[in-house]
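Trainee: For reference, this is upload.pdb, and it has PDB, C-alpha atoms.
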ATOM      1  CA  MET A   1      50.792 -96.758  45.029
ATOM      2  CA  ASP A   2      53.163 -94.453  46.900
ATOM      3  CA  VAL A   3      54.144 -91.523  44.665
ATOM      4  CA  ALA A   4      56.616 -88.747  45.437
ATOM      5  CA  VAL A   5      56.871 -85.498  43.466
ATOM      6  CA  THR A   6      60.420 -84.184  43.656
ATOM      7  CA  ILE A   7      61.996 -81.086  42.155
ATOM      8  CA  ASP A   8      65.693 -80.403  41.514
ATOM      9  CA  LEU A   9      65.971 -76.710  42.336
ATOM     10  CA  GLU A  10      68.969 -75.462  40.362
ATOM     11  CA  HIS A  11      69.949 -72.937  37.722
ATOM     12  CA  ASP A  12      68.450 -73.324  34.249
ATOM     13  CA  CYS A  13      69.189 -76.586  32.433
ATOM     14  CA  PRO A  14      72.826 -77.058  33.431
ATOM     15  CA  PRO A  15      75.298 -77.140  31.767
ATOM     16  CA  PHE A  16      73.558 -75.580  28.756
ATOM     17  CA  LEU A  17      72.277 -72.417  30.464
ATOM     18  CA  THR A  18      73.430 -70.405  33.477
ATOM     19  CA  THR A  19      70.346 -68.262  34.107
ATOM     20  CA  TYR A  20      67.826 -68.583  36.971
ATOM     21  CA  ARG A  21      64.490 -68.046  35.236
ATOM     22  CA  GLY A  22      63.261 -71.377  36.497
ATOM     23  CA  VAL A  23      63.763 -70.158  40.041
ATOM     24  CA  THR A  24      62.275 -66.695  39.586
ATOM     25  CA  GLU A  25      59.514 -67.513  37.071
ATOM     26  CA  GLY A  26      58.980 -71.266  37.191
ATOM     27  CA  MET A  27      58.935 -71.761  40.944
ATOM     28  CA  PRO A  28      55.950 -69.452  41.626
ATOM     29  CA  ARG A  29      53.929 -71.325  38.980
ATOM     30  CA  LEU A  30      55.010 -74.695  40.312
ATOM     31  CA  LEU A  31      54.272 -73.831  43.937
ATOM     32  CA  ASP A  32      50.861 -72.464  42.952
ATOM     33  CA  LEU A  33      50.147 -75.659  41.026
ATOM     34  CA  LEU A  34      51.113 -77.895  43.934
ATOM     35  CA  ALA A  35      49.065 -75.773  46.335
ATOM     36  CA  ALA A  36      45.993 -76.008  44.121
ATOM     37  CA  ALA A  37      46.377 -79.781  43.883
ATOM     38  CA  GLU A  38      47.181 -80.054  47.607
ATOM     39  CA  VAL A  39      50.297 -82.065  46.762
ATOM     40  CA  PRO A  40      53.420 -81.708  48.913
ATOM     41  CA  GLY A  41      56.772 -81.990  47.184
ATOM     42  CA  THR A  42      60.413 -82.483  48.004
ATOM     43  CA  PHE A  43      62.689 -79.786  46.619
ATOM     44  CA  PHE A  44      66.345 -80.764  46.296
ATOM     45  CA  CYS A  45      67.951 -77.315  46.300
ATOM     46  CA  THR A  46      71.534 -76.255  45.638
ATOM     47  CA  GLY A  47      73.263 -74.034  48.135
ATOM     48  CA  ASP A  48      73.864 -71.619  45.265
ATOM     49  CA  VAL A  49      70.132 -71.141  44.619
ATOM     50  CA  ALA A  50      69.389 -70.738  48.324
ATOM     51  CA  ARG A  51      71.968 -67.970  48.641
ATOM     52  CA  ARG A  52      70.789 -66.175  45.509
ATOM     53  CA  HIS A  53      67.044 -66.553  46.064
ATOM     54  CA  PRO A  54      66.351 -67.133  49.766
ATOM     55  CA  GLU A  55      62.779 -65.853  49.362
ATOM     56  CA  VAL A  56      61.946 -68.826  47.122
ATOM     57  CA  VAL A  57      63.330 -71.317  49.618
ATOM     58  CA  ARG A  58      61.471 -69.641  52.479
ATOM     59  CA  ARG A  59      58.212 -69.864  50.560
ATOM     60  CA  LEU A  60      58.499 -73.573  49.790
ATOM     61  CA  VAL A  61      59.358 -74.343  53.415
ATOM     62  CA  ASP A  62      56.540 -72.125  54.709
ATOM     63  CA  GLU A  63      54.077 -73.925  52.428
ATOM     64  CA  GLY A  64      54.936 -77.284  53.946
ATOM     65  CA  HIS A  65      57.221 -78.788  51.305
ATOM     66  CA  GLU A  66      60.330 -80.733  52.211
ATOM     67  CA  LEU A  67      63.662 -79.024  51.611
ATOM     68  CA  GLY A  68      66.406 -81.374  50.444
ATOM     69  CA  CYS A  69      70.001 -80.899  49.326
ATOM     70  CA  HIS A  70      71.214 -80.929  45.706
ATOM     71  CA  GLY A  71      74.852 -80.138  46.415
ATOM     72  CA  ASP A  72      76.296 -76.666  46.738
ATOM     73  CA  THR A  73      77.332 -75.647  43.202
ATOM     74  CA  HIS A  74      75.690 -78.397  41.091
ATOM     75  CA  ALA A  75      79.055 -80.067  40.549
ATOM     76  CA  ARG A  76      79.009 -83.696  39.371
ATOM     77  CA  PHE A  77      80.080 -85.823  42.306
ATOM     78  CA  GLY A  78      81.429 -88.529  40.015
ATOM     79  CA  ARG A  79      84.124 -86.065  38.940
ATOM     80  CA  LEU A  80      85.039 -84.918  42.464
ATOM     81  CA  ASP A  81      87.606 -86.373  44.798
ATOM     82  CA  ARG A  82      86.497 -87.211  48.309
ATOM     83  CA  ALA A  83      87.609 -83.920  49.859
ATOM     84  CA  ALA A  84      85.771 -81.864  47.225
ATOM     85  CA  ALA A  85      82.653 -84.035  47.557
ATOM     86  CA  GLU A  86      82.584 -83.546  51.309
ATOM     87  CA  ARG A  87      83.034 -79.798  50.870
ATOM     88  CA  GLU A  88      80.054 -79.665  48.481
ATOM     89  CA  ILE A  89      77.865 -81.520  50.971
ATOM     90  CA  ARG A  90      79.077 -79.627  54.034
ATOM     91  CA  ASP A  91      78.702 -76.162  52.486
ATOM     92  CA  ALA A  92      75.269 -76.902  51.024
ATOM     93  CA  ALA A  93      74.027 -78.347  54.301
ATOM     94  CA  ALA A  94      75.199 -75.281  56.218
ATOM     95  CA  THR A  95      73.334 -72.963  53.840
ATOM     96  CA  LEU A  96      70.122 -74.975  53.566
ATOM     97  CA  ARG A  97      69.737 -75.808  57.237
ATOM     98  CA  ALA A  98      69.380 -72.113  57.977
ATOM     99  CA  PHE A  99      65.869 -72.534  56.505
ATOM    100  CA  GLY A 100      64.891 -75.687  58.382
ATOM    101  CA  GLU A 101      65.581 -79.387  58.760
ATOM    102  CA  VAL A 102      67.356 -80.995  55.787
ATOM    103  CA  THR A 103      67.896 -84.767  55.835
ATOM    104  CA  SER A 104      67.336 -85.756  52.170
ATOM    105  CA  PHE A 105      69.870 -85.545  49.348
ATOM    106  CA  ARG A 106      70.007 -85.938  45.585
ATOM    107  CA  ALA A 107      73.193 -85.526  43.582
ATOM    108  CA  PRO A 108      73.181 -83.486  40.359
ATOM    109  CA  ASN A 109      72.804 -85.644  37.242
ATOM    110  CA  LEU A 110      71.997 -88.606  39.530
ATOM    111  CA  ASP A 111      75.755 -89.138  39.682
ATOM    112  CA  PHE A 112      76.859 -90.144  43.170
ATOM    113  CA  PRO A 113      79.477 -92.813  43.920
ATOM    114  CA  THR A 114      78.349 -95.349  46.509
ATOM    115  CA  ALA A 115      81.580 -94.742  48.412
ATOM    116  CA  TYR A 116      80.377 -91.205  49.163
ATOM    117  CA  VAL A 117      77.159 -92.295  50.884
ATOM    118  CA  GLU A 118      79.049 -92.463  54.174
ATOM    119  CA  ILE A 119      79.782 -88.728  53.794
ATOM    120  CA  LEU A 120      76.027 -88.125  53.776
ATOM    121  CA  ALA A 121      75.620 -90.136  56.962
ATOM    122  CA  ALA A 122      78.417 -88.198  58.634
ATOM    123  CA  HIS A 123      76.634 -84.927  57.841
ATOM    124  CA  GLY A 124      73.238 -85.954  59.140
ATOM    125  CA  PHE A 125      71.477 -87.125  55.975
ATOM    126  CA  ALA A 126      69.052 -90.034  56.251
ATOM    127  CA  LEU A 127      67.857 -90.413  52.637
ATOM    128  CA  ASP A 128      69.572 -90.365  49.243
ATOM    129  CA  SER A 129      67.749 -90.255  45.906
ATOM    130  CA  SER A 130      70.813 -90.098  43.652
ATOM    131  CA  GLN A 131      70.133 -93.249  41.653
ATOM    132  CA  GLY A 132      67.806 -93.514  38.670
ATOM    133  CA  ARG A 133      65.843 -96.559  37.594
ATOM    134  CA  HIS A 134      65.579 -95.063  34.110
ATOM    135  CA  LYS A 135      69.352 -94.867  33.626
ATOM    136  CA  LYS A 136      71.281 -97.457  31.638
ATOM    137  CA  GLY A 137      72.261-100.390  33.796
ATOM    138  CA  SER A 138      69.964 -99.322  36.653
ATOM    139  CA  PHE A 139      66.555-100.627  35.595
ATOM    140  CA  LEU A 140      66.394-103.116  38.457
ATOM    141  CA  VAL A 141      67.690-100.745  41.126
ATOM    142  CA  GLY A 142      65.322-100.604  44.066
ATOM    143  CA  PRO A 143      65.314 -99.073  47.541
ATOM    144  CA  SER A 144      68.207-100.100  49.759
ATOM    145  CA  THR A 145      70.056 -99.005  52.875
ATOM    146  CA  VAL A 146      73.758 -98.186  52.822
ATOM    147  CA  GLY A 147      75.579 -97.192  55.983
ATOM    148  CA  GLY A 148      72.345 -96.166  57.660
ATOM    149  CA  VAL A 149      71.228 -94.006  54.698
ATOM    150  CA  GLU A 150      68.052 -95.080  52.893
ATOM    151  CA  ARG A 151      68.547 -94.977  49.118
ATOM    152  CA  VAL A 152      65.341 -94.427  47.131
ATOM    153  CA  PRO A 153      65.976 -94.152  43.368
ATOM    154  CA  ALA A 154      64.186 -91.810  40.997
ATOM    155  CA  THR A 155      61.777 -93.744  38.796
ATOM    156  CA  ILE A 156      61.549 -91.962  35.465
ATOM    157  CA  ALA A 157      63.197 -89.074  33.624
ATOM    158  CA  PRO A 158      61.182 -85.837  33.221
ATOM    159  CA  SER A 159      61.328 -86.067  29.429
ATOM    160  CA  ALA A 160      59.440 -89.397  29.516
ATOM    161  CA  VAL A 161      56.464 -87.696  31.165
ATOM    162  CA  ARG A 162      56.084 -85.581  28.018
ATOM    163  CA  LEU A 163      55.740 -88.582  25.711
ATOM    164  CA  PRO A 164      52.418 -89.195  23.911
ATOM    165  CA  ALA A 165      49.758 -90.338  26.363
ATOM    166  CA  LEU A 166      49.566 -93.901  25.006
ATOM    167  CA  ILE A 167      53.291 -94.482  25.571
ATOM    168  CA  ARG A 168      53.463 -92.515  28.810
ATOM    169  CA  ASN A 169      50.512 -94.327  30.371
ATOM    170  CA  GLY A 170      52.045 -97.647  29.391
ATOM    171  CA  LEU A 171      55.161 -96.700  31.311
ATOM    172  CA  TYR A 172      53.097 -95.669  34.314
ATOM    173  CA  LYS A 173      51.447 -99.101  34.460
ATOM    174  CA  ARG A 174      54.852-100.761  34.752
ATOM    175  CA  MET A 175      55.986 -98.656  37.717
ATOM    176  CA  ARG A 176      56.343-100.152  41.161
ATOM    177  CA  ASP A 177      56.406 -98.616  44.635
ATOM    178  CA  PRO A 178      57.825 -96.261  45.531
ATOM    179  CA  VAL A 179      57.346 -94.123  42.402
ATOM    180  CA  VAL A 180      59.572 -91.047  42.426
ATOM    181  CA  PHE A 181      58.980 -88.419  39.750
ATOM    182  CA  PHE A 182      61.458 -85.611  39.369
ATOM    183  CA  PHE A 183      61.272 -82.300  37.543
ATOM    184  CA  HIS A 184      63.088 -78.966  37.354
ATOM    185  CA  PRO A 185      61.609 -75.472  37.749
ATOM    186  CA  TRP A 186      62.931 -74.367  34.349
ATOM    187  CA  GLU A 187      60.559 -76.895  32.794
ATOM    188  CA  PHE A 188      57.758 -74.526  33.748
ATOM    189  CA  VAL A 189      59.191 -71.579  31.791
ATOM    190  CA  ASP A 190      58.886 -70.893  28.061
ATOM    191  CA  MET A 191      62.453 -69.997  27.110
ATOM    192  CA  THR A 192      61.966 -70.070  23.362
ATOM    193  CA  PRO A 193      61.471 -66.277  22.936
ATOM    194  CA  ASP A 194      64.980 -65.772  24.316
ATOM    195  CA  GLY A 195      66.439 -68.446  22.098
ATOM    196  CA  GLY A 196      67.097 -70.627  25.114
ATOM    197  CA  ALA A 197      65.728 -73.770  23.495
ATOM    198  CA  MET A 198      68.199 -73.364  20.647
ATOM    199  CA  ALA A 199      71.102 -73.729  23.069
ATOM    200  CA  ILE A 200      70.070 -77.020  24.643
ATOM    201  CA  ARG A 201      69.427 -80.604  23.593
ATOM    202  CA  TRP A 202      66.159 -81.313  21.808
ATOM    203  CA  ASP A 203      64.715 -83.317  24.712
ATOM    204  CA  LYS A 204      65.611 -80.536  27.124
ATOM    205  CA  ALA A 205      64.169 -77.962  24.724
ATOM    206  CA  MET A 206      60.860 -79.823  24.925
ATOM    207  CA  ALA A 207      60.865 -79.017  28.617
ATOM    208  CA  SER A 208      61.180 -75.277  28.143
ATOM    209  CA  VAL A 209      57.860 -74.649  26.399
ATOM    210  CA  GLY A 210      55.584 -74.361  29.394
ATOM    211  CA  PHE A 211      55.163 -78.029  30.360
ATOM    212  CA  ARG A 212      52.613 -78.513  33.148
ATOM    213  CA  VAL A 213      52.040 -81.421  35.502
ATOM    214  CA  GLY A 214      49.044 -83.437  34.358
ATOM    215  CA  SER A 215      49.187 -82.250  30.743
TER     216      SER A 215
END
Can the structure in the file be given as structure tokens, please?
Mentor:
Amino acid sequence: MDVAVTIDLEHDCPPFLTTYRGVTEGMPRLLDLLAAAEVPGTFFCTGDVARRHPEVVRRLVDEGHELGCHGDTHARFGRLDRAAAEREIRDAAATLRAFGEVTSFRAPNLDFPTAYVEILAAHGFALDSSQGRHKKGSFLVGPSTVGGVERVPATIAPSAVRLPALIRNGLYKRMRDPVVFFFHPWEFVDMTPDGGAMAIRWDKAMASVGFRVGS
């Protein structure tokens, strides 16, 4: 089975928090974990994070991970007109490509109108992972090609990975190639001492108590 580990590199649990502890505290743990397991990942990074924390982006590129684009400001593309959507993609690409090649894209909240895929093609993107098989109405969505851009949907939400093993393993057995897991760096930070978990949804709060891959 082909499995991809992907990370949405953004500020903490948007729109509930606006801090960057996931970037400064979670990313070192996550990169160490992937290095120990010898697993390469794809990091869909916002332009905002790259400008604020270039040292983190340099490290992930230097360690052989793929750098992808997650928009510039983490705006929801479904709420943007075409001009604003193109600006988000153009500005993010300009920032991220200073660190290396960037040809993969994932929209925040997996919200990306099909009509905007041609904007990705125009700006040199070859792959889009902005759909989600776990989302309502998208269970049968599979890989496709639109306007020369390969669309590979995410397979399962991060919160499902934290389900009891019996349920989680049952879900795993139903997965089909290619399997695309996605996580966020703030999931690797315990935010409860700061009251962070009290400000976010219960399923997101579950993520902020030191979740680790393979647990």
Trainee: May I have the residues at most 9 Å from (60.9, -77.3, 53.4) in the file's coordinates, counting all atoms listed in the file, as a list in words?
Mentor: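 Residues satisfying the cut-off, written out: Gly41, Thr42, Phe43, Val57, Arg58, Arg59, Leu60, Val61, Asp62, Glu63, Gly64, His65, Glu66, Leu67, Gly68, Phe99, Gly100, Glu101 and Val102 of chain A.
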Trainee: Would you write out, as a ChimeraX atom specification, every residue that the PyMOL selection byres ((chain A and resi 88) around 9) captures in this file?
Mentor: /A:47,71-75,77,83-87,89-93
Trainee: Running the PyMOL selection byres ((chain A and resi 132) around 7) on this model by hand, what would come out? Give it as number ranges by chain.
Mentor: A: 110, 130-131, 133-135, 138, 153-155
Trainee: For the residues in that selection, give me C-alpha atoms as a compact mmCIF listing (two decimals), in the coordinates of the input.
Mentor:
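New file out_26.txt:
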# COMPACT_ATOMS: atom_id res chain seq x y z
CA LEU A 110 72.00 -88.61 39.53
CA SER A 130 70.81 -90.10 43.65
CA GLN A 131 70.13 -93.25 41.65
CA ARG A 133 65.84 -96.56 37.59
CA HIS A 134 65.58 -95.06 34.11
CA LYS A 135 69.35 -94.87 33.63
CA SER A 138 69.96 -99.32 36.65
CA PRO A 153 65.98 -94.15 43.37
CA ALA A 154 64.19 -91.81 41.00
CA THR A 155 61.78 -93.74 38.80
Trainee: Counting only C-alpha atoms, which residue out of A:Thr6, A:Phe44, A:Ser159, A:His53 sits closest to A:Arg21?
Mentor: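 Ranking A:Thr6, A:Phe44, A:Ser159, A:His53 by distance to A:Arg21, first place goes to A:His53.
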Trainee: If you measure from atom CA of A:Arg51 to atom CA of A:Glu38, what distance in Å do you get, rounded to one decimal?
Mentor: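 Pair atom CA of A:Arg51 / atom CA of A:Glu38 returns 27.6 Å.
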Trainee: When you draw a straight line from atom CA of A:Met27 to atom CA of A:His123, how long is it in Å?
Mentor: 27.8 Å
Trainee: Could you pull the residues within 9 Å of A:Asp177, counting only C-alpha atoms, minus those fewer than 4 positions along the same chain, as a list of chain:residue names?
Mentor: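 Contacts, in chain order: A:Met1, A:Asp2, A:Val3.
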Trainee: List the spatial neighbours of stretch 11-14 of chain A as an mmCIF file with C-alpha atoms, in the frame of the given file - criterion: any atom at most 9 Å away, all atoms listed in the file, same-chain residues fewer than 4 positions off excluded.
Mentor:
data_model
loop_
_atom_site.group_PDB
_atom_site.id
_atom_site.type_symbol
_atom_site.label_atom_id
_atom_site.label_comp_id
_atom_site.auth_asym_id
_atom_site.auth_seq_id
_atom_site.Cartn_x
_atom_site.Cartn_y
_atom_site.Cartn_z
ATOM 1 C CA THR A 18 73.430 -70.405 33.477
ATOM 2 C CA THR A 19 70.346 -68.262 34.107
ATOM 3 C CA TYR A 20 67.826 -68.583 36.971
ATOM 4 C CA ARG A 21 64.490 -68.046 35.236
ATOM 5 C CA GLY A 22 63.261 -71.377 36.497
ATOM 6 C CA VAL A 23 63.763 -70.158 40.041
ATOM 7 C CA THR A 46 71.534 -76.255 45.638
ATOM 8 C CA ASP A 48 73.864 -71.619 45.265
ATOM 9 C CA VAL A 49 70.132 -71.141 44.619
ATOM 10 C CA HIS A 74 75.690 -78.397 41.091
ATOM 11 C CA HIS A 184 63.088 -78.966 37.354
ATOM 12 C CA PRO A 185 61.609 -75.472 37.749
ATOM 13 C CA TRP A 186 62.931 -74.367 34.349
ATOM 14 C CA GLU A 187 60.559 -76.895 32.794
ATOM 15 C CA ILE A 200 70.070 -77.020 24.643
ATOM 16 C CA LYS A 204 65.611 -80.536 27.124
#
